[in-house]
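First up is the structure itself, then whatever we jot down about it.
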Amino acid sequence: MWEKIKEFASEFFVTGDPLIYGADVTIVLTLIAIVSGLTYFKKWKWLWREWLTTVDHKKIGIMYILAAFLMLFRGGVDALLMRAQLAMPELNFLPPDHYNQIFTTHGVIMILFMAMPFMFGLFNIMVPLQLGARDVAYPFLNSLSFWLFFSGAMLFNLSFVIGGSPDAGWLAYPPYSGTMYNPGVGQDFYIWGIQISGLGSLMTGINFLVTILKMRAPGMKLMKMPMFSWSVLSSCIAIIFSFPILTATLALLFLDRYAGAHFFTLDGGGNPMMYINLIWMWGHPEVYIIVLPAFGIFSEIVSTFSKKKLFGYKSMVWAMMIISVLSFLVWAHHFFTMGSGADVNAFFALTTMLIAIPTGVKVFNWLFTMFRGRITFETPMLWTIGFIPCFIVGGLTGVLLSVAPADFQFHNSYFLVAHFHQVIIGGVVFGYFAGLYYWWPKMFGFTLNERIGKWAFWFWNIGFYCCFMPQYVLGLMGMTRRVVTYSWDKGWWELNLVSTIGAVLMAIAFLFQVWQIVDGFKHQAKNRDTTGDPWNGRTLEWSIPSPAPVYNFAVLPNVSRQDEWWEQKQSAGAHQTIKQKLEPIHMPKNSGVPIVMSAFWFIAGFGFIFDWTGFIYTGLAGVVGCLLYHSFNYDTDYYIPVDEIERTEAAIRKVNI
Amino acid sequence: MVPSNSHQTPEGHGSFKSYTIGFFCSIILTLIPITVVMNDWLEGTWNSVVLMTAAVLQLMVQLLFFMHLREENKPRYNLISLVLGLVILLVIVAGSMWIMLYNMVAV
Ligand code: HEM
Ligand SMILES: [Cu+2]
């Protein structure tokens, strides 16, 4: 018996690596600390009622961003491990198979479990407030989306202590990701982690599309909508049409692995290239899904901190919509070297270059918005100004890559690595940071320390260039991506060392940010945002108190112009606060179904990964049970009575004076 | 939440007659392929053609009679998304065929 348990455990848990044992200990200790802390302070009920079962978009948004920061930490540690291994030639810090696992989990985590939830967090927090709405279109679904994402992310992250991590790169190309070369459970963790959270992403896409189309404040025509909301709309369109492709592709890969199908195998009539073709049909739209909202954030910030209307609103809208559709027509630029022939490559090179045009239009719009504006340099604006040159360089190297014949040289070299990190860090991550700093006071009701924020900004930026500029050169010198080490005679070590130093600088920058947030919470009493409008903003989210009450708007605003709140402030004389009549507000009730159902998904996923039928049946039965329970539950909403609204508003105002 | 009174807007939700027609159409369109396959009436290309035609017609029946595609108020977001979806589907299928079959050396 004991022998059997030992045998099982040595298979089930990942063993043999001191780094992993360290992680095991840390995980267990952290879990013990969290559980005992919650029990000691009697916070379980509070946690369940206020957070785990909430359907309030603002709280869901905060949970998304918290999860994204945790994932940024994990992905960042992965990155530092890789850079440590590459700092010098011929190091043996990470063995090759471990190195493969680390670059795989790094990529998956950063894109799917860091960038996506960070983005959804910002969607949640700001879109309803900008639109003058009281919630998203489907609050229950929203909570379900979050918990599905969370289950998927946890499942994926479990792989490095249980069963073994995936190691076939962030897109898991077959045949290497098939059972022939990857008989372990790592790739199944990959598939199920992404499938479960992918369900959540698709539902979020639908939710926000409907929110934007149907829930705008009275009078807010589409063409008067704030630019961030436009960017969310364009991103959601791409989500809705691209995530099903991902789900189908991974389902086929799963059938190959689990049921012995031959979609992507080399024998039995399959073709691994088909996988590459399909996965990039999702993969390319995905990179625009995450970058478009960042464009929206920059547009808001540029106009607020230049105290000017956004230049070229209409062209911006068109640029975004065109990008979101055009992003479906360029996917083959990721495999120019696959051998599809000159016509195919020429077509896709052309469409890829075309996409740079609307992107360029946006850059000019931002520059012209700043032109002759009264610019101030608070942290959100700093990130915006840091972003523009960085993104221009990243976009230009993208255009270089899109020259198909030249790409035979650049492809899968460090040049490519540098390109996508430049657009993703310089565009996406900087954008979300800018958004976080910009909307932080609205989320939490206090402002952050600007000095620490500026340190973080400079460390991030200097670290970024220091890390990735050398990689362009390394790529041209012939260093290919995903190599675990290199010899002294290559002449690559100086640049690699510089690159590692840059990575360390960015790690320090991250610590600055954590410090800034901790410091903010510590001194929040001193830094209260009593006005609700700390940056002299332009859009509706700044017209309500910070943090916003549960119902957001006591009275739904009437919108007649772009930048409605700014215009109202300009004509303050004409606009008196007419005491409007309050009405009871219709609100959704909290629900435990999303978290329970996602837990069942987790169990089912775990069952599929280890092929434990008991788990599969339990999990799926639980999911169906939750669906039924929710379908027959009619107690899903309530009304906030007028006197309670009055009391809340009065209380907020008292604090505010 | 989406205002619950949206049910009461004049947006049509079909009549008894339209539901009945839709129901029978979809039954017939299900029976045709089943009988064809069960009785081995057709083979090869013709078989596929019949099956696919029935599938496409079935899709239309579902959209028109049960999803009320025709009765939507303006702006017709459902129709727009459907068309965009079809365009992207076309891109996926035609694009994949072009990429995968062009210059194919093996097979
Ligand atoms: C001006 C716009 C852009 C152009 C012309 C462009 C072009 C390209 C090309 C041609 C490749 C393939 C290179 C190769 O594999 O050899 C590529 C890779 C990549 N690009 Fe871009 N890009 C642009 C913007 C972006 C943006 C905005 C993002 C993300 C936010 C992005 C993320 C990526 C990623 C992640 C990869 C590589 C993925 C991989 O192979 O694992 N790109 N880009
Ligand atoms: Cu691409």
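Numbering starts fresh at 1 for the residues of each chain in the structure tokens, the chains themselves are lettered A, B, ... in the order given, and ligands are numbered from 1 as they appear.
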
Requested in this report: Compute the chain A side of the contact with chain B at 6 Å, counting only C-alpha atoms, and hand it back as a list in words.
Outcome: Asp135, Val136, Ala137, Tyr138, Ser340 and Gly341 of chain A

Query - 6 Å shell around ligand 2 using only C-alpha atoms and all ligand atoms, listed as a list of chain:residue names - result: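 Using only C-alpha atoms and all ligand atoms, everything at most 6 Å from ligand 2 comes to A:His284, A:Trp331, A:His334.
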
Generate the output file for the selected residues, C-alpha atoms, as a PDB file, in the first residue's frame.
```
ATOM      1  CA  HIS A 284      -2.955  37.196 -34.943  1.00  0.00           C
ATOM      2  CA  TRP A 331      -2.338  35.378 -40.235  1.00  0.00           C
ATOM      3  CA  HIS A 334       3.560  33.958 -39.025  1.00  0.00           C
TER       4      HIS A 334
END
```

Query - Which of A:Met273, A:Leu141, A:Met203, A:Met338 sits closest to Thr54 of chain A [using only C-alpha atoms] - result: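 The shortest atom-to-atom distance to Thr54 of chain A comes from A:Leu141.
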
Report task. Apply DSSP to the backbone of this structure and, from segment 341-468 of chain A, keep only the residues in alpha helix (DSSP H); write these as a PyMOL selection string. Result -> chain A and resi 342-370+379-401+404-410+414-423+430-444+450-468

Report task. Find, counting only C-alpha atoms and all ligand atoms, the residue in A:Ser36, A:Gln101, A:Ser487, A:Thr337 that gets nearest to ligand 1. Result -> A:Thr337

Requested in this report: Do a neighbour search on segment 152-157 of chain A at 9 Å with only C-alpha atoms, toss out local chain neighbours closer than 2 positions, and write the hits as an NGL selection string.
Outcome: :A and (71 or 105 or 109 or 112-113 or 147-150 or 159-161 or 165 or 186 or 189-198 or 598 or 601-602 or 605-606)

Requested in this report: Write out as an NGL selection string each polymer residue whose atoms come within 12 Å of Ile27 of chain B, counting only C-alpha atoms; drop sequence neighbours fewer than 2 positions from it.
Outcome: :B and (20-25 or 29-34 or 54-55 or 57-58 or 61-62)

Please, could you write that set of residues out with N, CA, C and O atoms as a short mmCIF file (atom, residue, chain, number, x, y, z; two decimals), in the first residue's frame?
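The resulting file, selection_12.cif, is reproduced below:
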```cif
data_model
loop_
_atom_site.label_atom_id
_atom_site.label_comp_id
_atom_site.auth_asym_id
_atom_site.auth_seq_id
_atom_site.Cartn_x
_atom_site.Cartn_y
_atom_site.Cartn_z
N THR B 20 -45.09 26.60 -36.37
CA THR B 20 -45.46 25.30 -36.91
C THR B 20 -44.75 25.05 -38.24
O THR B 20 -44.18 23.97 -38.47
N ILE B 21 -44.77 26.08 -39.11
CA ILE B 21 -44.09 25.91 -40.39
C ILE B 21 -42.62 25.59 -40.16
O ILE B 21 -42.06 24.65 -40.73
N GLY B 22 -42.00 26.38 -39.28
CA GLY B 22 -40.58 26.17 -39.01
C GLY B 22 -40.32 24.77 -38.50
O GLY B 22 -39.37 24.10 -38.92
N PHE B 23 -41.20 24.32 -37.60
CA PHE B 23 -41.03 23.00 -37.01
C PHE B 23 -41.06 21.93 -38.09
O PHE B 23 -40.17 21.07 -38.17
N PHE B 24 -42.06 22.01 -38.97
CA PHE B 24 -42.17 20.98 -40.00
C PHE B 24 -41.01 21.05 -40.99
O PHE B 24 -40.45 20.03 -41.39
N CYS B 25 -40.64 22.27 -41.37
CA CYS B 25 -39.51 22.39 -42.29
C CYS B 25 -38.28 21.73 -41.69
O CYS B 25 -37.56 20.99 -42.37
N LEU B 29 -36.21 18.59 -43.16
CA LEU B 29 -34.80 18.73 -43.52
C LEU B 29 -33.91 17.81 -42.71
O LEU B 29 -32.76 17.56 -43.07
N THR B 30 -34.40 17.30 -41.58
CA THR B 30 -33.64 16.30 -40.84
C THR B 30 -33.88 14.91 -41.43
O THR B 30 -32.95 14.10 -41.53
N LEU B 31 -35.14 14.67 -41.81
CA LEU B 31 -35.47 13.34 -42.32
C LEU B 31 -34.79 13.04 -43.65
O LEU B 31 -34.35 11.91 -43.87
N ILE B 32 -34.72 14.05 -44.51
CA ILE B 32 -34.12 13.81 -45.83
C ILE B 32 -32.73 13.20 -45.71
O ILE B 32 -32.50 12.09 -46.20
N PRO B 33 -31.78 13.89 -45.03
CA PRO B 33 -30.44 13.27 -44.98
C PRO B 33 -30.45 11.91 -44.28
O PRO B 33 -29.72 11.01 -44.71
N ILE B 34 -31.28 11.77 -43.24
CA ILE B 34 -31.26 10.48 -42.53
C ILE B 34 -31.69 9.35 -43.47
O ILE B 34 -31.00 8.32 -43.59
N ALA B 54 -29.00 20.20 -47.33
CA ALA B 54 -29.96 20.09 -46.24
C ALA B 54 -29.46 20.84 -45.01
O ALA B 54 -30.23 21.52 -44.32
N ALA B 55 -28.18 20.75 -44.74
CA ALA B 55 -27.63 21.43 -43.56
C ALA B 55 -27.78 22.93 -43.67
O ALA B 55 -28.21 23.61 -42.73
N LEU B 57 -29.91 24.63 -45.55
CA LEU B 57 -31.32 25.00 -45.46
C LEU B 57 -31.80 24.94 -44.01
O LEU B 57 -32.52 25.81 -43.54
N GLN B 58 -31.37 23.92 -43.32
CA GLN B 58 -31.71 23.79 -41.90
C GLN B 58 -31.27 25.03 -41.12
O GLN B 58 -32.02 25.59 -40.32
N VAL B 61 -33.60 27.84 -41.80
CA VAL B 61 -34.88 27.67 -41.11
C VAL B 61 -34.75 28.08 -39.65
O VAL B 61 -35.56 28.83 -39.10
N GLN B 62 -33.69 27.61 -39.03
CA GLN B 62 -33.49 27.96 -37.62
C GLN B 62 -33.39 29.47 -37.44
O GLN B 62 -34.01 30.05 -36.56
#
```

Query raised in the report: Which is closest to ligand 1 among A:Leu129, A:Ala346, A:Met1, A:Ala68, if we use only C-alpha atoms and all ligand atoms?
Result: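 Between A:Leu129, A:Ala346, A:Met1, A:Ala68, the residue approaching ligand 1 most closely is A:Ala346.
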
For segment 544-553 of chain A: contacts at 10 Å, only C-alpha atoms, fewer than 5 positions along chain excluded, given as a short mmCIF file (atom, residue, chain, number, x, y, z; two decimals) with N, CA and C atoms, in the first residue's frame:
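File produced: result.cif:
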```cif
data_model
loop_
_atom_site.label_atom_id
_atom_site.label_comp_id
_atom_site.auth_asym_id
_atom_site.auth_seq_id
_atom_site.Cartn_x
_atom_site.Cartn_y
_atom_site.Cartn_z
N ASP A 56 -20.88 42.58 -9.07
CA ASP A 56 -20.60 43.99 -9.31
C ASP A 56 -19.39 44.12 -10.24
N HIS A 57 -19.60 44.74 -11.39
CA HIS A 57 -18.52 44.79 -12.38
C HIS A 57 -17.26 45.44 -11.83
N LYS A 58 -17.40 46.37 -10.91
CA LYS A 58 -16.22 47.07 -10.40
C LYS A 58 -15.36 46.13 -9.56
N LYS A 59 -16.04 45.30 -8.76
CA LYS A 59 -15.27 44.36 -7.93
C LYS A 59 -14.68 43.24 -8.79
N ILE A 125 -14.02 47.59 -15.12
CA ILE A 125 -14.06 48.75 -14.24
C ILE A 125 -14.57 49.96 -14.97
N PRO A 128 -18.77 50.33 -18.13
CA PRO A 128 -20.09 50.79 -17.69
C PRO A 128 -20.05 52.23 -17.18
N LEU A 129 -18.98 52.60 -16.48
CA LEU A 129 -18.93 53.96 -15.95
C LEU A 129 -18.83 54.99 -17.08
N GLY A 132 -22.11 55.55 -18.76
CA GLY A 132 -23.23 56.01 -17.94
C GLY A 132 -24.22 54.90 -17.68
N ALA A 133 -23.70 53.67 -17.53
CA ALA A 133 -24.59 52.53 -17.28
C ALA A 133 -24.43 52.06 -15.85
N ARG A 134 -25.42 51.28 -15.39
CA ARG A 134 -25.34 50.84 -13.99
C ARG A 134 -24.66 49.51 -13.85
N ASP A 135 -24.52 48.79 -14.92
CA ASP A 135 -23.81 47.52 -14.84
C ASP A 135 -23.53 47.07 -16.27
N TRP A 439 -7.03 55.31 -13.85
CA TRP A 439 -8.32 55.02 -13.23
C TRP A 439 -8.22 54.56 -11.79
N TRP A 440 -6.98 54.45 -11.30
CA TRP A 440 -6.82 53.99 -9.93
C TRP A 440 -7.68 54.77 -8.93
N PRO A 441 -7.63 56.12 -8.96
CA PRO A 441 -8.45 56.87 -8.00
C PRO A 441 -9.93 56.51 -8.10
N LYS A 442 -10.38 56.24 -9.31
CA LYS A 442 -11.80 55.89 -9.48
C LYS A 442 -12.08 54.51 -8.91
N MET A 443 -11.08 53.62 -8.99
CA MET A 443 -11.29 52.27 -8.47
C MET A 443 -11.29 52.25 -6.96
N PHE A 444 -10.33 52.95 -6.35
CA PHE A 444 -10.14 52.79 -4.91
C PHE A 444 -10.42 54.05 -4.10
N GLY A 445 -10.60 55.17 -4.75
CA GLY A 445 -10.93 56.38 -4.01
C GLY A 445 -9.74 57.10 -3.42
N PHE A 446 -8.53 56.74 -3.79
CA PHE A 446 -7.38 57.53 -3.35
C PHE A 446 -6.34 57.55 -4.45
N ARG A 528 -7.12 60.86 -0.10
CA ARG A 528 -8.47 60.63 -0.60
C ARG A 528 -8.76 61.49 -1.84
N ASP A 529 -9.42 60.87 -2.78
CA ASP A 529 -9.88 61.63 -3.94
C ASP A 529 -11.30 62.10 -3.63
N THR A 530 -11.39 63.29 -3.10
CA THR A 530 -12.71 63.76 -2.63
C THR A 530 -13.55 64.34 -3.76
N THR A 531 -12.89 64.71 -4.86
CA THR A 531 -13.65 65.36 -5.93
C THR A 531 -14.31 64.35 -6.86
N GLY A 532 -13.75 63.17 -6.93
CA GLY A 532 -14.21 62.20 -7.93
C GLY A 532 -13.64 62.50 -9.30
N ASP A 533 -12.85 63.58 -9.40
CA ASP A 533 -12.35 63.99 -10.72
C ASP A 533 -10.92 64.51 -10.58
N PRO A 534 -9.99 63.65 -10.15
CA PRO A 534 -8.65 64.14 -9.79
C PRO A 534 -7.85 64.67 -10.97
N ILE A 585 -33.63 51.55 -7.87
CA ILE A 585 -32.71 51.03 -8.89
C ILE A 585 -32.73 49.52 -8.91
N HIS A 586 -32.87 48.99 -10.12
CA HIS A 586 -32.96 47.55 -10.33
C HIS A 586 -31.54 46.97 -10.37
N MET A 587 -31.25 46.01 -9.46
CA MET A 587 -29.89 45.48 -9.38
C MET A 587 -29.89 43.95 -9.38
N ILE A 640 -32.98 48.70 -5.18
CA ILE A 640 -32.49 49.55 -4.10
C ILE A 640 -33.51 50.66 -3.92
N ILE A 645 -30.78 55.03 -1.54
CA ILE A 645 -29.93 55.78 -2.47
C ILE A 645 -29.61 57.15 -1.88
N THR A 648 -27.01 56.78 0.81
CA THR A 648 -25.67 56.53 0.25
C THR A 648 -25.09 57.81 -0.33
N GLU A 649 -25.89 58.49 -1.12
CA GLU A 649 -25.38 59.72 -1.76
C GLU A 649 -24.98 60.74 -0.71
N ILE A 652 -21.70 59.78 0.91
CA ILE A 652 -20.56 60.05 0.02
C ILE A 652 -20.24 61.53 0.02
N ARG A 653 -21.29 62.30 -0.06
CA ARG A 653 -21.08 63.75 -0.13
C ARG A 653 -20.42 64.28 1.13
N ASN A 656 -17.01 63.72 1.02
CA ASN A 656 -16.41 64.50 -0.05
C ASN A 656 -16.17 65.96 0.31
#
```

Query raised in the report: How many Å separate atom 32 (C, counted along the ligand's line) of ligand 1 from atom CA of Phe264 of chain A?
Result: 24.9 Å
